[in-house]
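For reference, the structure discussed in these notes is given below.
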Amino acid sequence: MSRDNWYKVDNVAKVFLATAGKRDTRTLRVSCTLWEDIDAELLQEAVLSAIQVRPQFQVRIRRGIFWHYMEDTDMMPVVTEEHGRVCPILYAPGRAMLHYKVTYYGNRINLDLFHAISDGTGALEFLNIIVLDYLKLKYPGRFDDVVIHSGASEDELNQDSYKQFFGSMALKASSLKYAYHPGGLKLPYDQLQFFEVHMPTSELLPKAKELGVSLTSYIGARFMLAIADDMPPRKRKMPINVSMPVNLRNYYPSHTSRNFFNNVNVSHVFDEDISLDDLAKEFDEKLKENLSEENIKKQMDNFETMEYVAPVRAVPLFIKQIVVRYGSKVTDKKVSVVLSNLGVQKPPAEVANMVENYSAFCSSSNLFSTMSSYNGELSLGITSPYTNTRVVKNLVRGLTDDGIKVRVYATEVIR
């Protein structure tokens, strides 16, 4: 599959490339659990079929003098049974490798993807194409007329939508202050711990409605309180900041399979007691304000403009990466937890009854949680680099106090 094409990486990808490491691999995982065990040979065939529909993932990232770039590759994916860590290393400078990996375990199909290649929306669409092709092979003739296609051309799928919609030459500094960081000692050997939390939406939605807020705001407020309960008194004047990636395709007419998201932030200083009711309402109001198209465009113009400043363009790549790493560390200090809402999952109606659930994780150097729902169940995929698990315990305790039935699964770590 050699098309002899190359592509510049987008500005978000440049951050991931500069900051990927052994602990925070900058890899995201999306998973689909079926009601039956996976046939490995059929899954291999399905992946080879799916990349014909999404060849945008068949690339290698290379280093240029001034920026990284992507080029097409003939390397073929090999499906294996899952072993090793979640969100593995899928990019290493100078190593020839695909930047995605498909594994299975029991009845679950996993797609691990280096975040420089795509975001959660693009990854989930690719995963659903793989699942559909797998089911077509497993049940010949049953799903032949079912397709997953946005109607976008190959150029539209490859589009760098940041350049398409943003950039105004108006640089402004972030007004966010350094936030409180939960945690403490980090796990040894660059490990991460992963928690999968499942809850029935039939119990969550009435609770959010009772508070008069969105489900995202309810979960976000519960995260804030879970962190605040672990906060020492001397740190009470520091804000707790929840950073939330936003799918910009909901605001702009883009069909790109590459990254196209932005982060919005909601902060609160716990210098006085506050109830869940009041905190959730405050969270909801701030979130709605930040999600206005005007505010999103202001923030993105500031970010995307950086590439077009002449002195920045002329700086060699290794110097740019040092600057980007420093900027990323500063940004991380302004975030207490990331809450990424991937929304309600919608596979094709014809295959919906074949799918039990979806879940997702993202590697991180701090506390990170994905959020998605399907088939009457909400799934939180929480990533933590810390030995301290009190925030997760506080979150689960708060949810159960609200009358929510919670199931929690966790990976083992080496101490």
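Identifiers in the structure tokens: chain A, B, ... in order shown; residue index from 1 per chain; ligand index from 1 in order shown.
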
Non-local contacts of region 122-136 of chain A (6 Å; only C-alpha atoms; under 3 positions in same chain excluded) as a ChimeraX atom specification
/A:43,46-47,50,118-119,139-140,143,257

Could you take the residues named above and write them with N, CA and C atoms, as a short mmCIF file (atom, residue, chain, number, x, y, z; two decimals), in the first residue's frame?
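This is the output file out-v2.cif:
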data_model
loop_
_atom_site.label_atom_id
_atom_site.label_comp_id
_atom_site.auth_asym_id
_atom_site.auth_seq_id
_atom_site.Cartn_x
_atom_site.Cartn_y
_atom_site.Cartn_z
N LEU A 43 -10.30 -11.66 12.98
CA LEU A 43 -9.97 -10.29 13.37
C LEU A 43 -8.79 -9.77 12.55
N ALA A 46 -10.10 -8.79 9.29
CA ALA A 46 -10.92 -7.57 9.43
C ALA A 46 -10.06 -6.32 9.49
N VAL A 47 -8.94 -6.39 10.20
CA VAL A 47 -8.05 -5.23 10.30
C VAL A 47 -7.45 -4.90 8.93
N ALA A 50 -10.10 -3.19 7.06
CA ALA A 50 -10.43 -1.86 7.58
C ALA A 50 -9.43 -0.80 7.14
N SER A 118 -4.30 10.43 15.61
CA SER A 118 -5.73 10.72 15.62
C SER A 118 -6.19 10.96 17.05
N ASP A 119 -7.43 11.44 17.19
CA ASP A 119 -8.02 11.65 18.51
C ASP A 119 -9.05 10.56 18.80
N TYR A 139 -20.17 -13.65 10.11
CA TYR A 139 -21.54 -14.00 9.71
C TYR A 139 -21.74 -13.61 8.24
N PRO A 140 -21.21 -14.41 7.30
CA PRO A 140 -21.27 -14.08 5.87
C PRO A 140 -22.71 -13.81 5.41
N PHE A 143 -24.39 -8.93 7.21
CA PHE A 143 -24.18 -7.48 7.34
C PHE A 143 -23.58 -6.86 6.07
N SER A 257 -10.02 12.46 9.94
CA SER A 257 -9.77 11.34 10.84
C SER A 257 -8.55 11.62 11.71
#

Exercise: Ala20 (chain A) partners within 10 Å, only C-alpha atoms, chain neighbours under 2 positions left out, as a list in words:
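Surrounding residues, per the criterion: Val15, Phe16, Leu17, Ala18, Lys22, Arg23, Asp24, Thr25, Arg26, Thr27, Ile89, Leu90, Tyr91, Ala92, Phe114, His115, Ala116, Arg325, Ser363, Ser364 and Ser365 of chain A.
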
Resulting file, chosen residues, N, CA, C and O atoms, as a PDB file, in the first residue's frame:
ATOM      1  N   VAL A  15       2.910  18.391  19.927  1.00  0.00           N
ATOM      2  CA  VAL A  15       3.023  18.303  21.386  1.00  0.00           C
ATOM      3  C   VAL A  15       3.195  16.852  21.810  1.00  0.00           C
ATOM      4  O   VAL A  15       4.054  16.520  22.638  1.00  0.00           O
ATOM      5  N   PHE A  16       2.397  15.954  21.240  1.00  0.00           N
ATOM      6  CA  PHE A  16       2.492  14.535  21.588  1.00  0.00           C
ATOM      7  C   PHE A  16       3.864  13.968  21.215  1.00  0.00           C
ATOM      8  O   PHE A  16       4.443  13.175  21.956  1.00  0.00           O
ATOM      9  N   LEU A  17       4.386  14.370  20.070  1.00  0.00           N
ATOM     10  CA  LEU A  17       5.686  13.877  19.630  1.00  0.00           C
ATOM     11  C   LEU A  17       6.815  14.362  20.534  1.00  0.00           C
ATOM     12  O   LEU A  17       7.787  13.646  20.775  1.00  0.00           O
ATOM     13  N   ALA A  18       6.696  15.571  21.032  1.00  0.00           N
ATOM     14  CA  ALA A  18       7.753  16.140  21.879  1.00  0.00           C
ATOM     15  C   ALA A  18       7.722  15.585  23.293  1.00  0.00           C
ATOM     16  O   ALA A  18       8.750  15.576  23.981  1.00  0.00           O
ATOM     17  N   LYS A  22       8.290   6.892  28.364  1.00  0.00           N
ATOM     18  CA  LYS A  22       8.038   5.507  28.772  1.00  0.00           C
ATOM     19  C   LYS A  22       6.783   5.389  29.632  1.00  0.00           C
ATOM     20  O   LYS A  22       6.080   4.378  29.562  1.00  0.00           O
ATOM     21  N   ARG A  23       6.515   6.391  30.499  1.00  0.00           N
ATOM     22  CA  ARG A  23       5.304   6.318  31.320  1.00  0.00           C
ATOM     23  C   ARG A  23       4.113   6.864  30.535  1.00  0.00           C
ATOM     24  O   ARG A  23       3.130   6.175  30.296  1.00  0.00           O
ATOM     25  N   ASP A  24       4.223   8.121  30.136  1.00  0.00           N
ATOM     26  CA  ASP A  24       3.164   8.710  29.326  1.00  0.00           C
ATOM     27  C   ASP A  24       3.529   8.521  27.858  1.00  0.00           C
ATOM     28  O   ASP A  24       4.205   9.350  27.251  1.00  0.00           O
ATOM     29  N   THR A  25       3.074   7.417  27.304  1.00  0.00           N
ATOM     30  CA  THR A  25       3.409   7.049  25.925  1.00  0.00           C
ATOM     31  C   THR A  25       2.636   7.871  24.901  1.00  0.00           C
ATOM     32  O   THR A  25       2.869   7.733  23.707  1.00  0.00           O
ATOM     33  N   ARG A  26       1.702   8.673  25.370  1.00  0.00           N
ATOM     34  CA  ARG A  26       0.808   9.451  24.505  1.00  0.00           C
ATOM     35  C   ARG A  26       0.000   8.527  23.595  1.00  0.00           C
ATOM     36  O   ARG A  26      -0.269   8.835  22.432  1.00  0.00           O
ATOM     37  N   THR A  27      -0.373   7.403  24.172  1.00  0.00           N
ATOM     38  CA  THR A  27      -1.187   6.421  23.466  1.00  0.00           C
ATOM     39  C   THR A  27      -2.589   6.422  24.063  1.00  0.00           C
ATOM     40  O   THR A  27      -2.757   6.535  25.279  1.00  0.00           O
ATOM     41  N   ILE A  89       3.952   1.668  24.178  1.00  0.00           N
ATOM     42  CA  ILE A  89       4.738   2.588  23.353  1.00  0.00           C
ATOM     43  C   ILE A  89       4.493   2.275  21.874  1.00  0.00           C
ATOM     44  O   ILE A  89       4.722   1.159  21.430  1.00  0.00           O
ATOM     45  N   LEU A  90       4.017   3.271  21.139  1.00  0.00           N
ATOM     46  CA  LEU A  90       3.749   3.092  19.706  1.00  0.00           C
ATOM     47  C   LEU A  90       4.482   4.121  18.863  1.00  0.00           C
ATOM     48  O   LEU A  90       4.213   4.255  17.669  1.00  0.00           O
ATOM     49  N   TYR A  91       5.381   4.856  19.507  1.00  0.00           N
ATOM     50  CA  TYR A  91       6.263   5.750  18.769  1.00  0.00           C
ATOM     51  C   TYR A  91       7.594   5.823  19.490  1.00  0.00           C
ATOM     52  O   TYR A  91       7.651   6.047  20.708  1.00  0.00           O
ATOM     53  N   ALA A  92       8.681   5.605  18.754  1.00  0.00           N
ATOM     54  CA  ALA A  92      10.032   5.756  19.275  1.00  0.00           C
ATOM     55  C   ALA A  92      10.881   6.311  18.143  1.00  0.00           C
ATOM     56  O   ALA A  92      10.897   5.730  17.049  1.00  0.00           O
ATOM     57  N   PHE A 114      -1.310   5.790  18.780  1.00  0.00           N
ATOM     58  CA  PHE A 114      -0.497   6.940  19.171  1.00  0.00           C
ATOM     59  C   PHE A 114      -1.286   8.211  18.871  1.00  0.00           C
ATOM     60  O   PHE A 114      -1.766   8.415  17.766  1.00  0.00           O
ATOM     61  N   HIS A 115      -1.391   9.078  19.884  1.00  0.00           N
ATOM     62  CA  HIS A 115      -2.311  10.216  19.802  1.00  0.00           C
ATOM     63  C   HIS A 115      -1.930  11.228  18.729  1.00  0.00           C
ATOM     64  O   HIS A 115      -2.760  12.061  18.327  1.00  0.00           O
ATOM     65  N   ALA A 116      -0.692  11.205  18.244  1.00  0.00           N
ATOM     66  CA  ALA A 116      -0.306  12.122  17.170  1.00  0.00           C
ATOM     67  C   ALA A 116      -1.015  11.786  15.862  1.00  0.00           C
ATOM     68  O   ALA A 116      -1.121  12.631  14.970  1.00  0.00           O
ATOM     69  N   ARG A 325       8.235  20.819  25.135  1.00  0.00           N
ATOM     70  CA  ARG A 325       8.224  20.028  26.366  1.00  0.00           C
ATOM     71  C   ARG A 325       8.077  20.930  27.588  1.00  0.00           C
ATOM     72  O   ARG A 325       7.329  20.610  28.513  1.00  0.00           O
ATOM     73  N   SER A 363      -3.049   7.191  28.162  1.00  0.00           N
ATOM     74  CA  SER A 363      -1.870   7.294  29.015  1.00  0.00           C
ATOM     75  C   SER A 363      -1.736   8.738  29.491  1.00  0.00           C
ATOM     76  O   SER A 363      -2.210   9.673  28.834  1.00  0.00           O
ATOM     77  N   SER A 364      -1.086   8.928  30.631  1.00  0.00           N
ATOM     78  CA  SER A 364      -0.963  10.277  31.177  1.00  0.00           C
ATOM     79  C   SER A 364       0.112  10.320  32.243  1.00  0.00           C
ATOM     80  O   SER A 364       0.401   9.307  32.887  1.00  0.00           O
ATOM     81  N   SER A 365       0.700  11.501  32.426  1.00  0.00           N
ATOM     82  CA  SER A 365       1.647  11.690  33.519  1.00  0.00           C
ATOM     83  C   SER A 365       0.938  12.172  34.773  1.00  0.00           C
ATOM     84  O   SER A 365       1.541  12.306  35.836  1.00  0.00           O
TER      85      SER A 365
END

Taking only C-alpha atoms into account, which of A:Ser379, A:Gln345, A:Thr19, A:Ser217 comes nearest Ser359 (chain A)?
A:Ser379

Quick one: everything within 9 Å of Ile414 (chain A), counting only C-alpha atoms, minus sequence neighbours fewer than 3 positions away in the same chain. Send it as number ranges by chain.
A: 187-189, 191

Atomic separation - CA of Lys235 (chain A) relative to CA of Ser336 (chain A), Å:
12.7 Å

Measure the distance from CA of Phe260 (chain A) to CA of Ser340 (chain A) in Å and round it to one decimal.
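Interatomic distance, CA of Phe260 (chain A) to CA of Ser340 (chain A): 13.6 Å.
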
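Between Pro253 (chain A) and the residues A:Asp160, A:Arg63, A:Gly398, A:Phe165, the shortest atom-to-atom distance, using only C-alpha atoms, involves A:Phe165.
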
Skipping near chain neighbours, those fewer than 6 positions away, what residues fall within 12 Å of Leu291 (chain A) using only C-alpha atoms, listed as an MDAnalysis selection string?
chainID A and resid 244:248 250:251 262:266 284:285 297:299

Where does DSSP see strand (DSSP E) in region 140-241 of chain A, if you list the residues as number ranges by chain?
A: 193-200, 239-241

So which residues of region 45-202 of chain A fall under helix (DSSP H, G or I) by DSSP, listed as a PyMOL selection string?
chain A and resi 45-53+55-57+120-138+154-158+161-165+188-190+201-202

Rounded to one decimal in Å, what is the spacing between CA of Val12 (chain A) and CA of Phe261 (chain A)?
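Pair CA of Val12 (chain A) / CA of Phe261 (chain A) returns 8.7 Å.
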
Exercise: Val78 (chain A) partners within 9 Å, only C-alpha atoms, chain neighbours under 2 positions left out, as a VMD selection string:
chain A and resid 44 47 to 48 76 80 101 to 103
